[in-house]
Structures are given as C-alpha cells and as structure tokens.
$ cat input_19.csv   # CSV, C-alpha atoms
chain,number,residue,atom,x,y,z
Z,637,MET,CA,-14.6,0.9,26.4
Z,638,SER,CA,-10.8,0.8,26.4
Z,639,ALA,CA,-8.7,3.9,27.1
Z,640,THR,CA,-7.2,3.8,23.5
Z,641,PRO,CA,-8.8,3.3,20.1
Z,642,GLY,CA,-6.6,0.3,19.6
Z,643,ARG,CA,-3.2,-1.2,18.7
Z,644,LEU,CA,-1.9,-0.2,15.3
Z,645,VAL,CA,1.0,-1.5,13.2
Z,646,ILE,CA,2.3,0.6,10.3
Z,647,VAL,CA,4.3,-1.3,7.6
Z,648,GLU,CA,6.0,1.4,5.6
Z,649,ASP,CA,9.6,1.6,4.2
Z,650,ASP,CA,9.5,5.4,4.0
Z,651,GLU,CA,10.7,6.2,7.5
Z,652,ASP,CA,9.7,9.8,7.4
Z,653,PHE,CA,6.2,9.0,6.3
Z,654,ALA,CA,5.9,6.2,8.8
Z,655,ARG,CA,7.1,8.4,11.7
Z,656,THR,CA,4.6,11.2,10.7
Z,657,LEU,CA,1.7,8.8,10.4
Z,658,ALA,CA,2.7,7.1,13.7
Z,659,ARG,CA,2.7,10.4,15.5
Z,660,SER,CA,-0.6,11.4,14.1
Z,661,PHE,CA,-2.2,8.2,15.2
Z,662,GLU,CA,-0.6,8.4,18.6
Z,663,ARG,CA,-2.1,11.8,19.1
Z,664,ARG,CA,-5.5,10.1,18.5
Z,665,GLY,CA,-4.8,7.6,21.2
Z,666,TYR,CA,-3.6,4.6,19.2
Z,667,GLU,CA,-0.7,2.4,20.5
Z,668,VAL,CA,1.5,2.4,17.4
Z,669,ARG,CA,4.3,0.0,16.3
Z,670,THR,CA,6.2,0.3,12.9
Z,671,ALA,CA,7.9,-2.2,10.6
Z,672,VAL,CA,9.9,-1.4,7.4
Z,673,ASP,CA,9.8,-4.8,5.8
Z,674,PRO,CA,8.1,-8.2,6.0
Z,675,ALA,CA,10.9,-9.7,8.3
Z,676,GLU,CA,10.4,-6.9,10.8
Z,677,LEU,CA,6.6,-7.3,10.7
Z,678,ASP,CA,7.0,-11.1,11.3
Z,679,ALA,CA,9.1,-10.3,14.4
Z,680,LEU,CA,6.3,-8.0,15.7
Z,681,LEU,CA,3.5,-10.5,14.9
Z,682,ALA,CA,5.4,-13.2,16.9
Z,683,GLY,CA,4.8,-11.4,20.1
Z,684,GLU,CA,1.9,-9.0,19.6
Z,685,ARG,CA,-1.6,-8.7,18.1
Z,686,PHE,CA,-3.0,-5.6,16.5
Z,687,ASP,CA,-6.5,-4.2,16.0
Z,688,PHE,CA,-5.5,-2.2,13.0
Z,689,ALA,CA,-2.8,-2.2,10.3
Z,690,VAL,CA,-1.6,0.2,7.6
Z,691,VAL,CA,0.5,-1.5,4.9
Z,692,ASP,CA,2.3,0.1,2.1
Z,693,LEU,CA,1.9,-1.9,-1.1
Z,694,LYS,CA,5.6,-1.5,-2.2
Z,695,LEU,CA,8.2,-1.9,0.5
Z,696,GLY,CA,11.5,-1.3,-1.2
Z,697,THR,CA,12.0,-4.4,-3.3
Z,698,HIS,CA,9.3,-6.3,-1.5
Z,699,SER,CA,5.6,-6.4,-2.0
Z,700,GLY,CA,3.3,-5.5,0.9
Z,701,LEU,CA,0.8,-8.2,-0.1
Z,702,PRO,CA,2.6,-11.0,2.0
Z,703,CYS,CA,2.4,-8.6,4.9
Z,704,VAL,CA,-1.4,-8.3,4.5
Z,705,ALA,CA,-1.6,-12.1,4.4
Z,706,ALA,CA,0.6,-12.5,7.5
Z,707,ILE,CA,-1.4,-9.9,9.5
Z,708,ALA,CA,-4.7,-11.5,8.5
Z,709,GLU,CA,-3.4,-14.9,9.4
Z,710,ALA,CA,-2.2,-13.8,12.8
Z,711,ASP,CA,-5.5,-12.2,13.6
Z,712,PRO,CA,-8.4,-12.2,11.1
Z,713,ALA,CA,-10.2,-9.5,13.1
Z,714,THR,CA,-7.4,-6.9,12.3
Z,715,ARG,CA,-8.7,-4.1,10.1
Z,716,ILE,CA,-6.0,-3.7,7.4
Z,717,VAL,CA,-5.8,-0.7,5.1
Z,718,VAL,CA,-3.4,-0.9,2.1
Z,719,LEU,CA,-1.8,2.3,0.9
Z,720,THR,CA,-0.2,2.6,-2.5
Z,721,GLY,CA,1.4,5.2,-4.7
Z,722,PHE,CA,0.6,3.2,-7.8
Z,723,ALA,CA,-2.9,1.7,-7.5
Z,724,SER,CA,-4.0,-1.0,-9.9
Z,725,ILE,CA,-7.1,-3.1,-10.1
Z,726,ALA,CA,-5.0,-6.3,-9.8
Z,727,THR,CA,-3.3,-5.4,-6.6
Z,728,ALA,CA,-6.5,-4.0,-5.1
Z,729,VAL,CA,-8.3,-7.3,-5.8
Z,730,GLU,CA,-5.4,-9.3,-4.3
Z,731,ALA,CA,-5.1,-7.1,-1.2
Z,732,ILE,CA,-8.9,-7.6,-0.5
Z,733,LYS,CA,-8.7,-11.4,-1.1
Z,734,LEU,CA,-5.7,-11.6,1.3
Z,735,GLY,CA,-7.6,-9.8,4.1
Z,736,ALA,CA,-7.4,-6.1,3.6
Z,737,ALA,CA,-10.5,-4.1,4.6
Z,738,HIS,CA,-9.7,-1.2,2.3
Z,739,TYR,CA,-7.2,0.0,-0.3
Z,740,LEU,CA,-6.3,3.7,-0.5
Z,741,PRO,CA,-4.1,5.7,-2.9
Z,742,LYS,CA,-1.3,7.9,-1.6
Z,743,PRO,CA,-1.4,10.5,-0.5
Z,744,SER,CA,-4.0,9.6,2.2
Z,745,ASN,CA,-4.1,11.3,5.5
Z,746,THR,CA,-4.9,10.0,9.0
Z,747,ASP,CA,-8.6,10.9,8.6
Z,748,ASP,CA,-8.9,8.9,5.4
Z,749,ILE,CA,-7.2,5.9,6.9
Z,750,GLU,CA,-9.3,6.0,10.1
Z,751,ALA,CA,-12.5,6.3,8.1
Z,752,ALA,CA,-11.3,3.2,6.1
Z,753,PHE,CA,-10.8,1.3,9.4
Z,754,GLY,CA,-14.5,2.0,10.2
Z,755,ARG,CA,-15.9,0.8,6.9
Z,756,ALA,CA,-16.9,-2.8,7.5
Z,757,ALA,CA,-19.1,-3.2,4.5
Z,758,GLY,CA,-18.9,-2.3,0.8
Z,759,ASP,CA,-20.9,0.6,-0.6
Z,760,ALA,CA,-23.5,-0.5,-3.1
Z,761,GLU,CA,-24.2,3.1,-3.9
Z,762,VAL,CA,-20.8,3.8,-5.4
Z,763,PRO,CA,-21.5,5.1,-9.0
Z,764,VAL,CA,-20.5,2.6,-11.6
Z,765,ASP,CA,-20.1,5.2,-14.3
Z,766,GLY,CA,-17.6,7.2,-12.3
Z,767,ARG,CA,-14.7,9.2,-13.8
Z,768,ALA,CA,-13.2,7.4,-16.9
Z,769,THR,CA,-9.7,6.2,-16.4
Z,770,SER,CA,-7.2,8.3,-18.4
Z,771,LEU,CA,-4.9,6.7,-21.0
Z,772,ARG,CA,-1.9,7.9,-18.9
Z,773,THR,CA,-3.3,6.1,-15.8
Z,774,LEU,CA,-4.0,2.9,-17.7
Z,775,GLU,CA,-0.4,3.0,-19.1
Z,776,TRP,CA,1.0,3.6,-15.6
Z,777,GLU,CA,-1.1,0.7,-14.1
Z,778,LYS,CA,0.2,-1.6,-16.9
Z,779,ILE,CA,3.8,-0.6,-16.3
Z,780,ASN,CA,3.5,-1.2,-12.5
Z,781,GLU,CA,1.7,-4.5,-13.0
Z,782,THR,CA,4.5,-5.7,-15.3
Z,783,LEU,CA,7.2,-4.3,-13.0
Z,784,ILE,CA,5.8,-6.4,-10.2
Z,785,ALA,CA,5.5,-9.5,-12.4
Z,786,THR,CA,9.2,-9.2,-13.4
Z,787,GLY,CA,10.5,-8.5,-9.9
Z,788,PHE,CA,11.2,-4.9,-10.8
Z,789,ASN,CA,13.6,-5.9,-13.6
Z,790,ILE,CA,13.6,-2.8,-16.0
Z,791,SER,CA,14.9,-4.6,-19.0
Z,792,GLU,CA,12.5,-7.5,-18.8
Z,793,THR,CA,9.6,-5.1,-18.1
Z,794,ALA,CA,10.5,-3.1,-21.2
Z,795,ARG,CA,10.7,-6.3,-23.3
Z,796,ARG,CA,7.2,-7.5,-22.1
Z,797,LEU,CA,5.7,-4.1,-22.7
Z,798,GLY,CA,7.3,-3.9,-26.2
Z,799,MET,CA,9.1,-0.6,-25.5
Z,800,HIS,CA,12.8,0.4,-25.5
Z,801,ARG,CA,14.4,0.1,-22.1
Z,802,ARG,CA,15.5,3.8,-22.1
Z,803,THR,CA,11.9,4.8,-22.9
Z,804,LEU,CA,10.7,2.9,-19.8
Z,805,ALA,CA,13.5,4.3,-17.7
Z,806,ARG,CA,12.6,7.9,-18.7
Z,807,LYS,CA,8.9,7.2,-17.8
Z,808,LEU,CA,10.0,5.9,-14.4
Z,809,GLU,CA,12.2,8.9,-13.8
Z,810,LYS,CA,9.2,11.2,-14.4
Z,811,ARG,CA,7.0,9.2,-12.0
Z,812,PRO,CA,9.1,7.1,-9.7
Z,813,VAL,CA,7.6,3.9,-8.2
Z,814,ARG,CA,7.2,4.1,-4.4
$ encode --input "input_19.csv" --output "structure tokens"
Amino acid sequence: MSATPGRLVIVEDDEDFARTLARSFERRGYEVRTAVDPAELDALLAGERFDFAVVDLKLGTHSGLPCVAAIAEADPATRIVVLTGFASIATAVEAIKLGAAHYLPKPSNTDDIEAAFGRAAGDAEVPVDGRATSLRTLEWEKINETLIATGFNISETARRLGMHRRTLARKLEKRPVR
C-alpha cells in the first residue's frame, strides 16, 4: 500500500473553497494540485496523472464538463466527482457519460467527496419514490439549463423562457449561479 491515499486534482474557480478543500484533503494524506479553469487543468494533465479529481460544474464562464472529459481521457481510471451549486438532471447525466463517478450538490464536505470516490457501483436500493422535486427547484433547474444553452446570455435566456429580462435578473440576484 502506498504512503498516501492518492494524487488529487481539484478544478474549482472559487479560490477560497479550493484552498480549503485542498488543505482538508492534504490533512488526509492526499497529494493535491488545483486548477481554476480548463486551460490550467490541461497544463497539469500534460505532465501528471491523478487518481482522483473534484470538478466544479461551473468555472466562471466555462463549463466543468470538458474538464471531466479531459481527465477521463488522460486516465480512465481516475475517480472523478463533479460538484455543483445548481444540479440538474441533464448535467448529471452528461457528467456521468463523460466519465464522472459521482455528482454531488454543493455544499459537500470532504467526507462526502471521499465517500463518493469509494462508490464504484450504483445503488439499486435507492428509493424511486423519493422526495418530490419542488416547483421552485424545477424552475431553477430550467433556468440553469437554459443559461448554459445560451452561454449565460441573460437576455436570450429570458426570451427562451418567456419571461422579462428584469424578472430573470431579479431571480438570479436572489440565488446567484456559481
């Protein structure tokens, strides 16, 4: 057995959160590297391989999904966990198709992420009739899905959703996209 649990890359644009998460994993014995965007991740992947990866779904104006694909392509054995502040079924499905092992909503702590690294198979016992999704959550998922599809263009998103641009802006002010 090796001296450390493994090499971990954290792809996160929130530098404070990335630093906190990195310190927490380092205390657990991981060798940690961080990247804030896809370009920085590509530079890391050019010279290193990782056993584990934590990828934020939204990296500033970039999507984290290309990062998931790049990590999986560099080493298919890397256990990738996607973190997101605005989970949606569409992005969860795409993340898994691209090579993620798990998809967690923020806030998730180090224990949650490490447990997700260890889950190699799905859980057939997960209840199908779980908690019903609220109307507010469905609305938020639709807004986020449309924002992604429009490249985060507020006016175009509002037009596609059939709402006034200022109404959408107010909703986004109450619950900012991260």
$ closest_residue --input "input_19.csv" --among "Z:Asp652, Z:Glu662, Z:Asp687, Z:Glu792" --to "Asp711 of chain Z" --atoms "only C-alpha atoms"
Z:Asp687
$ residues_around --input "input_19.csv" --residues "Ala710 of chain Z" --least-positions-apart "6" --cutoff "12 Å" --atoms "all atoms listed in the file" --output "list of chain:residue names"
Z:Leu677, Z:Asp678, Z:Ala679, Z:Leu680, Z:Leu681, Z:Ala682, Z:Gly683, Z:Glu684, Z:Arg685, Z:Phe686, Z:Asp687, Z:Ala689, Z:Cys703, Z:Val704, Z:Gly735
$ residues_around --input "input_19.csv" --residues "His738 of chain Z" --least-positions-apart "5" --cutoff "8 Å" --atoms "all atoms listed in the file" --output "PyMOL selection string"
chain Z and resi 716-718+732+752-753+755
$ atom_distance --input "input_19.csv" --atom1 "atom CA of Val729 of chain Z" --atom2 "atom CA of Leu657 of chain Z"
24.9 Å
$ residues_around --input "input_19.csv" --residues "Arg796 of chain Z" --least-positions-apart "6" --cutoff "12 Å" --atoms "only C-alpha atoms" --output "ChimeraX atom specification"
/Z:778-779,781-783,785-786,789-790,804
$ residues_around --input "input_19.csv" --residues "Glu676 of chain Z" --least-positions-apart "5" --cutoff "12 Å" --atoms "all atoms listed in the file" --output "list in words"
Val645, Ile646, Val647, Glu648, Asp649, Arg669, Thr670, Ala671, Leu681, Ala682, Gly683, Leu695, Cys703 and Ala706 of chain Z
$ residues_around --input "input_19.csv" --residues "Gly700 of chain Z" --least-positions-apart "5" --cutoff "8 Å" --atoms "all atoms listed in the file" --output "PyMOL selection string"
chain Z and resi 647+674+691-695
$ atom_distance --input "input_19.csv" --atom1 "atom CA of Tyr666 of chain Z" --atom2 "atom CA of Val690 of chain Z"
12.6 Å
$ atom_distance --input "input_19.csv" --atom1 "atom CA of Arg806 of chain Z" --atom2 "atom CA of Gly787 of chain Z"
18.7 Å
$ closest_residue --input "input_19.csv" --among "Z:Thr746, Z:Trp776, Z:Leu734, Z:Ser791" --to "Thr656 of chain Z" --atoms "all atoms listed in the file"
Z:Thr746
